[in-house]
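structure_20.csv (CSV, C-alpha atoms)
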chain,number,residue,atom,x,y,z
A,9,GLY,CA,-140.3,106.6,28.0
A,10,SER,CA,-140.1,106.5,24.2
A,11,THR,CA,-137.3,109.0,24.0
A,12,GLY,CA,-135.1,107.0,26.3
A,13,VAL,CA,-135.8,103.8,24.5
A,14,SER,CA,-135.0,105.4,21.1
A,15,LEU,CA,-131.8,106.9,22.5
A,16,SER,CA,-130.6,103.7,24.0
A,17,LEU,CA,-130.9,101.9,20.6
A,18,VAL,CA,-129.2,104.8,18.8
A,19,THR,CA,-126.3,105.0,21.2
A,20,ALA,CA,-125.8,101.3,21.1
A,21,ALA,CA,-125.5,101.4,17.3
A,22,LEU,CA,-123.0,104.3,17.6
A,23,GLY,CA,-121.0,102.6,20.3
A,24,CYS,CA,-121.8,105.2,23.0
A,25,LYS,CA,-123.0,104.8,26.5
A,26,CYS,CA,-126.6,105.8,27.4
A,27,HIS,CA,-127.7,106.8,30.9
A,28,VAL,CA,-131.4,107.4,31.4
A,29,VAL,CA,-133.0,109.1,34.5
A,30,LEU,CA,-136.7,108.6,35.0
A,31,PRO,CA,-139.3,108.9,37.8
A,32,ASP,CA,-139.7,105.8,39.9
A,33,ASP,CA,-143.5,105.8,39.5
A,34,ALA,CA,-143.1,104.9,35.8
A,35,ALA,CA,-144.0,101.3,34.9
A,36,ILE,CA,-141.1,99.1,35.7
A,37,GLU,CA,-141.2,97.6,32.2
A,38,LYS,CA,-139.7,100.8,30.8
A,39,ALA,CA,-136.6,100.6,33.0
A,40,GLU,CA,-136.2,96.9,32.3
A,41,LEU,CA,-136.5,97.5,28.5
A,42,LEU,CA,-133.9,100.3,28.7
A,43,GLN,CA,-131.5,98.0,30.6
A,44,ALA,CA,-132.1,95.2,28.0
A,45,TYR,CA,-131.0,97.6,25.3
A,46,GLY,CA,-127.8,98.4,27.2
A,47,ALA,CA,-128.6,101.6,28.9
A,48,SER,CA,-127.9,102.3,32.6
A,49,VAL,CA,-131.0,103.4,34.4
A,50,GLU,CA,-131.5,105.7,37.4
A,51,ARG,CA,-134.9,105.8,38.9
A,52,VAL,CA,-135.7,108.8,41.1
A,53,ARG,CA,-138.6,110.1,43.1
A,54,PRO,CA,-141.0,112.4,41.3
A,55,VAL,CA,-140.5,116.1,42.3
A,56,SER,CA,-141.2,119.5,40.8
A,57,ILE,CA,-139.0,120.7,37.9
A,58,SER,CA,-137.9,123.5,40.2
A,59,HIS,CA,-136.3,120.9,42.5
A,60,ARG,CA,-132.7,120.1,41.9
A,61,ASP,CA,-133.5,116.4,42.0
A,62,HIS,CA,-136.1,116.4,39.3
A,63,PHE,CA,-135.1,113.7,36.8
A,64,VAL,CA,-134.4,116.4,34.1
A,65,ASN,CA,-132.0,118.3,36.5
A,66,ILE,CA,-130.2,115.1,37.6
A,67,ALA,CA,-129.7,114.1,33.9
A,68,ARG,CA,-128.3,117.6,33.1
A,69,ARG,CA,-125.8,117.4,36.0
A,70,LYS,CA,-124.8,113.9,35.0
A,71,ALA,CA,-124.0,115.0,31.4
A,72,GLU,CA,-122.1,118.1,32.6
A,73,SER,CA,-120.0,116.0,35.0
A,74,THR,CA,-119.2,113.3,32.4
A,75,GLU,CA,-116.3,113.8,30.0
A,76,GLY,CA,-117.8,113.8,26.5
A,77,GLY,CA,-121.3,113.8,28.0
A,78,PHE,CA,-124.3,115.1,26.0
A,79,PHE,CA,-127.6,116.1,27.7
A,80,SER,CA,-130.5,115.3,25.3
A,81,ASN,CA,-132.8,117.8,27.0
A,82,GLN,CA,-135.8,116.2,25.4
A,83,PHE,CA,-138.4,118.8,26.6
A,84,GLU,CA,-136.5,121.8,25.2
A,85,ASN,CA,-134.5,120.3,22.3
A,86,LEU,CA,-136.4,121.2,19.1
A,87,ALA,CA,-135.1,118.1,17.3
A,88,ASN,CA,-138.4,116.6,18.7
A,89,PHE,CA,-140.5,119.3,17.0
A,90,ARG,CA,-138.6,119.1,13.7
A,91,ALA,CA,-138.9,115.3,13.6
A,92,HIS,CA,-142.6,115.5,13.8
A,93,LEU,CA,-142.8,117.9,10.9
A,94,LYS,CA,-142.0,114.8,8.9
A,95,THR,CA,-144.7,112.9,10.7
A,96,GLY,CA,-147.1,115.6,9.6
A,97,GLU,CA,-145.9,115.2,6.0
A,98,GLU,CA,-146.5,111.5,6.2
A,99,ILE,CA,-150.0,112.0,7.5
A,100,TYR,CA,-150.8,114.5,4.7
A,101,THR,CA,-149.4,112.2,2.0
A,102,GLN,CA,-151.1,109.0,3.3
A,103,THR,CA,-154.5,110.7,3.6
A,104,GLY,CA,-154.2,112.3,0.2
A,105,GLY,CA,-154.5,115.7,1.9
A,106,ARG,CA,-157.9,114.9,3.3
A,107,VAL,CA,-157.5,115.7,7.0
A,108,ASP,CA,-160.2,117.6,8.9
A,109,ALA,CA,-158.7,117.3,12.4
A,110,PHE,CA,-155.6,116.1,14.3
A,111,VAL,CA,-155.9,115.1,17.9
A,112,ALA,CA,-153.1,114.4,20.5
A,113,ALA,CA,-152.1,114.7,24.1
A,114,ALA,CA,-148.8,116.5,24.9
A,115,GLY,CA,-145.9,115.7,27.2
A,116,THR,CA,-142.7,116.8,25.7
A,117,GLY,CA,-145.0,118.6,23.2
A,118,GLY,CA,-143.1,117.9,19.9
A,119,THR,CA,-145.7,115.6,18.5
A,120,ILE,CA,-148.6,117.9,18.5
A,121,ALA,CA,-146.5,121.0,17.7
A,122,GLY,CA,-144.6,119.4,14.8
A,123,ILE,CA,-147.6,117.7,13.2
A,124,SER,CA,-149.8,120.7,13.6
A,125,SER,CA,-147.3,123.0,12.0
A,126,TYR,CA,-146.9,120.9,8.9
A,127,LEU,CA,-150.7,120.2,8.5
A,128,LYS,CA,-151.7,123.8,8.9
A,129,SER,CA,-149.0,124.9,6.4
A,130,ARG,CA,-150.8,122.7,3.8
A,131,LEU,CA,-154.4,122.8,5.0
A,132,SER,CA,-155.8,126.1,6.4
A,133,SER,CA,-159.1,124.4,7.4
A,134,VAL,CA,-157.6,121.6,9.5
A,135,ARG,CA,-158.4,121.8,13.2
A,136,VAL,CA,-156.1,120.7,16.0
A,137,PHE,CA,-157.4,119.4,19.3
A,138,LEU,CA,-155.4,118.8,22.5
A,139,ILE,CA,-156.6,115.9,24.8
A,140,ASP,CA,-155.3,116.5,28.4
A,141,PRO,CA,-155.1,113.9,31.2
A,142,PRO,CA,-156.0,114.6,34.9
A,143,GLY,CA,-153.6,116.8,36.8
A,144,SER,CA,-152.2,118.6,33.7
A,145,SER,CA,-152.5,122.3,33.1
A,146,LEU,CA,-152.4,122.4,29.3
A,147,TYR,CA,-156.2,122.2,29.0
A,148,ASN,CA,-156.6,125.5,30.8
A,149,ARG,CA,-153.6,126.9,28.9
A,150,VAL,CA,-155.4,126.3,25.6
A,151,LYS,CA,-158.9,127.3,26.9
A,152,ARG,CA,-158.1,130.2,29.1
A,153,GLY,CA,-154.5,131.2,28.5
A,154,VAL,CA,-153.3,130.2,32.0
A,155,MET,CA,-151.3,127.3,33.3
A,156,TYR,CA,-153.6,126.0,36.0
A,157,THR,CA,-155.2,122.9,37.3
A,158,LYS,CA,-157.4,122.5,40.4
A,159,VAL,CA,-155.0,120.1,42.1
A,160,GLU,CA,-152.4,123.0,42.1
A,161,ALA,CA,-154.6,125.3,44.0
A,162,GLU,CA,-153.5,126.6,47.4
A,163,GLY,CA,-154.3,124.0,50.1
A,164,LYS,CA,-155.0,121.3,47.5
A,165,ARG,CA,-151.6,120.2,46.4
A,166,LEU,CA,-150.4,117.0,47.9
A,167,LYS,CA,-146.9,116.3,49.0
A,168,ASN,CA,-146.8,113.1,46.9
A,169,PRO,CA,-149.6,113.6,44.4
A,170,PHE,CA,-151.1,111.0,42.2
A,171,ASP,CA,-152.7,112.8,39.3
A,172,THR,CA,-153.2,110.2,36.6
A,173,ILE,CA,-152.5,106.6,35.6
A,174,THR,CA,-151.4,107.7,32.2
A,175,GLU,CA,-147.6,108.1,31.6
A,176,GLY,CA,-145.7,110.4,29.3
A,177,ILE,CA,-148.5,112.9,28.7
A,178,GLY,CA,-149.7,115.9,30.6
A,179,ILE,CA,-147.5,118.5,32.2
A,180,ASN,CA,-147.6,121.6,34.4
A,181,ARG,CA,-145.1,123.8,32.6
A,182,LEU,CA,-144.6,125.1,29.1
A,183,THR,CA,-141.9,123.4,27.2
A,184,ARG,CA,-140.1,124.8,24.2
A,185,ASN,CA,-141.4,122.1,22.0
A,186,PHE,CA,-145.0,122.7,23.0
A,187,THR,CA,-144.8,126.5,22.5
A,188,GLU,CA,-143.6,126.0,18.9
A,189,GLY,CA,-147.1,124.9,18.1
A,190,GLU,CA,-149.3,126.2,20.9
A,191,HIS,CA,-150.8,129.0,18.7
A,192,LEU,CA,-152.0,126.3,16.3
A,193,ILE,CA,-154.2,124.4,18.8
A,194,ASP,CA,-157.8,125.3,18.2
A,195,GLU,CA,-159.5,123.5,21.1
A,196,ALA,CA,-158.9,121.3,24.1
A,197,PHE,CA,-160.6,118.4,25.8
A,198,GLN,CA,-160.1,116.8,29.2
A,199,GLY,CA,-159.9,113.1,29.4
A,200,THR,CA,-160.1,110.9,32.5
A,201,ASP,CA,-158.2,107.8,33.6
A,202,ALA,CA,-161.4,105.7,33.4
A,203,GLU,CA,-162.0,106.8,29.8
A,204,ALA,CA,-158.4,105.8,28.9
A,205,VAL,CA,-158.6,102.4,30.6
A,206,GLU,CA,-161.9,101.6,29.0
A,207,MET,CA,-160.6,102.8,25.6
A,208,ALA,CA,-157.6,100.5,25.8
A,209,ARG,CA,-159.9,97.5,26.5
A,210,TRP,CA,-162.2,98.5,23.6
A,211,LEU,CA,-159.3,98.8,21.2
A,212,VAL,CA,-157.8,95.4,22.0
A,213,ARG,CA,-161.2,93.7,21.9
A,214,GLU,CA,-162.7,95.4,18.9
A,215,ASP,CA,-159.7,96.3,16.8
A,216,GLY,CA,-156.8,94.0,18.0
A,217,LEU,CA,-154.7,97.0,19.0
A,218,PHE,CA,-152.8,96.6,22.3
A,219,VAL,CA,-151.9,100.2,23.2
A,220,GLY,CA,-150.4,102.0,26.1
A,221,SER,CA,-152.0,104.8,28.2
A,222,SER,CA,-150.9,107.7,25.9
A,223,SER,CA,-152.4,106.0,22.8
A,224,ALA,CA,-155.6,105.2,24.7
A,225,MET,CA,-156.0,108.8,25.8
A,226,ASN,CA,-155.3,110.0,22.2
A,227,CYS,CA,-158.2,107.8,21.0
A,228,VAL,CA,-160.4,109.2,23.7
A,229,GLY,CA,-159.6,112.6,22.3
A,230,ALA,CA,-160.2,111.5,18.7
A,231,LEU,CA,-163.7,110.3,19.7
A,232,LYS,CA,-164.5,113.6,21.4
A,233,ALA,CA,-163.4,115.4,18.3
A,234,ALA,CA,-165.5,113.2,16.1
A,235,ARG,CA,-168.5,113.9,18.2
A,236,ALA,CA,-167.8,117.6,18.1
A,237,LEU,CA,-167.3,117.7,14.3
A,238,GLY,CA,-170.0,115.2,13.3
A,239,PRO,CA,-170.1,112.6,10.6
A,240,GLY,CA,-168.1,112.7,7.4
A,241,HIS,CA,-164.8,114.0,8.7
A,242,THR,CA,-161.3,112.5,8.6
A,243,ILE,CA,-159.7,112.6,12.1
A,244,VAL,CA,-156.1,111.6,12.8
A,245,THR,CA,-154.4,110.7,16.0
A,246,ILE,CA,-151.2,108.9,17.0
A,247,LEU,CA,-150.7,105.5,18.6
A,248,CYS,CA,-147.4,106.3,20.2
A,249,ASP,CA,-147.0,103.6,22.8
A,250,GLY,CA,-147.6,99.8,22.9
A,251,GLY,CA,-149.3,98.1,25.8
A,252,GLN,CA,-146.2,95.9,26.5
A,253,ARG,CA,-144.6,98.7,28.4
A,254,HIS,CA,-147.6,99.1,30.7
A,255,LEU,CA,-148.3,95.6,32.0
A,256,SER,CA,-147.6,96.3,35.6
A,257,LYS,CA,-149.9,99.3,35.9
A,258,PHE,CA,-152.2,100.4,33.1
A,259,HIS,CA,-152.9,96.8,32.0
A,260,SER,CA,-152.7,95.2,35.4
A,261,ARG,CA,-156.2,94.3,36.7
A,262,ALA,CA,-154.9,94.1,40.3
A,263,TYR,CA,-153.3,97.6,40.1
A,264,LEU,CA,-156.5,99.1,38.4
A,265,LYS,CA,-158.7,97.6,41.1
A,266,LYS,CA,-156.5,99.2,43.8
A,267,MET,CA,-156.9,102.5,42.0
A,268,ASN,CA,-160.7,102.0,41.7
A,269,LEU,CA,-160.3,101.9,37.9
A,270,SER,CA,-161.4,98.4,37.2
A,271,PRO,CA,-162.6,98.2,33.5
A,272,ARG,CA,-166.2,97.5,32.8
A,273,ASP,CA,-165.5,96.2,29.3
A,274,CYS,CA,-168.3,98.3,27.9
A,275,ALA,CA,-170.2,97.1,24.9
A,276,THR,CA,-170.4,100.7,23.4
A,277,LEU,CA,-168.3,103.8,23.3
A,278,ASP,CA,-170.7,105.6,25.7
A,279,PHE,CA,-168.0,105.5,28.4
A,280,VAL,CA,-166.4,108.5,26.7
A,281,ASN,CA,-168.2,111.6,28.1

As a first step, turn the structure in this file into structure tokens.
Amino acid sequence: GSTGVSLSLVTAALGCKCHVVLPDDAAIEKAELLQAYGASVERVRPVSISHRDHFVNIARRKAESTEGGFFSNQFENLANFRAHLKTGEEIYTQTGGRVDAFVAAAGTGGTIAGISSYLKSRLSSVRVFLIDPPGSSLYNRVKRGVMYTKVEAEGKRLKNPFDTITEGIGINRLTRNFTEGEHLIDEAFQGTDAEAVEMARWLVREDGLFVGSSSAMNCVGALKAARALGPGHTIVTILCDGGQRHLSKFHSRAYLKKMNLSPRDCATLDFVN
């Protein structure tokens, strides 16, 4: 995703080689963009993090077996968290310190943790909301203190599950980046694929913003937070991915039809529950 794209550009500038391992159910545009930037790409089947062939574990072994290799370890490397402390500072500065709520989904977890840490260090009253996609356990972690989602229940887990159309957000384990800010999250919402799809269409039609699935879900969360807080509040979220990387799935009408997610192009925002 975004981390791989960023690393491929940085390594090209530094004269290093970049090898990116990603699940093969990710939109093909991501792999093609990485290759265009000069990275070598290895697409692997999605499996549990406990499996030796999870993309994180394959990348770790690749780095360990390569002379001069470095494993970026994006989920546990706190450089992600530290970078978003700066994002939080930018938000605080650009809003003149008038922020009532910050809303974001979590994958690696550095965005919500870093931004929340900075904002809460400056604004004791700011509220932080997590928006969680289908199949992720973070909603229940925030609400009930347990990592659990219904699809993980005994007898419910599929061998090759399809949890959500969104990419790069939602997870069923605690990462080091997320835990840096977990205690700062005040509330959590659950979002649906249908809400994210409709929100993406709304944003391009009403605001001229062509966003990816993570950004669309973040905006779903921002609307849920706005309804919870009521009028007169400043709510901030992050548009972290563009729609260009999602043309073959999230923005493909044929793919959406196959997944029973064809957009209705709603005239109001009532599609968000």

Checklist entry - atom CA of A:Asp278 to atom CA of A:Thr119: how many Å, to one decimal? => result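 That distance, rounded to one decimal, is 27.9 Å.
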
Checklist entry - Using all atoms listed in the file, which of A:Phe137, A:Phe79, A:Tyr45, A:Phe197 sits nearest A:Val64? => result A:Phe79

Checklist entry - If you measure from atom CA of A:Ala34 to atom CA of A:Gly9, what distance in Å do you get, rounded to one decimal? => result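 According to the coordinates, atom CA of A:Ala34 and atom CA of A:Gly9 are separated by 8.5 Å.
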
Quick one: which stretch 175-226 of chain A residues come within 12 Å of stretch 129-133 of chain A, and what is the nearest atom pair for each with the distance in Å to one decimal, counting only C-alpha atoms, rows ordered by chain and ascending number, as JSON lines?
{"residue": "A:Gly189", "atom": "CA", "partner": "A:Ser129", "partner_atom": "CA", "distance": 11.9}
{"residue": "A:Leu192", "atom": "CA", "partner": "A:Ser129", "partner_atom": "CA", "distance": 10.4}
{"residue": "A:Asp194", "atom": "CA", "partner": "A:Ser133", "partner_atom": "CA", "distance": 10.9}

Item to check | Protein, DNA and RNA residues within 9 Å of (-141.9, 112.9, 41.0), all atoms listed in the file, as a PyMOL selection string | outcome: chain A and resi 31-33+52-57+62-63+168-169

Checklist entry - Which is closer to A:Gly220 than all the others in A:Lys38, A:Arg152, A:His241, A:Lys128, using all atoms listed in the file? => result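 The answer is A:Lys38, which sits nearest to A:Gly220.
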
Checklist entry - For the atom pair atom CA of A:Ser125 and atom CA of A:Phe78, what is the interatomic distance in Å to one decimal place? => result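 If I compute the distance from atom CA of A:Ser125 to atom CA of A:Phe78, I get 28.1 Å.
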
Checklist entry - Which residue, A:Tyr126, A:Val205, A:Arg68, A:Ala44, has the smallest gap to A:Thr101 when you use all atoms listed in the file? => result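 Residue with the minimum atom-to-atom distance to A:Thr101: A:Tyr126.
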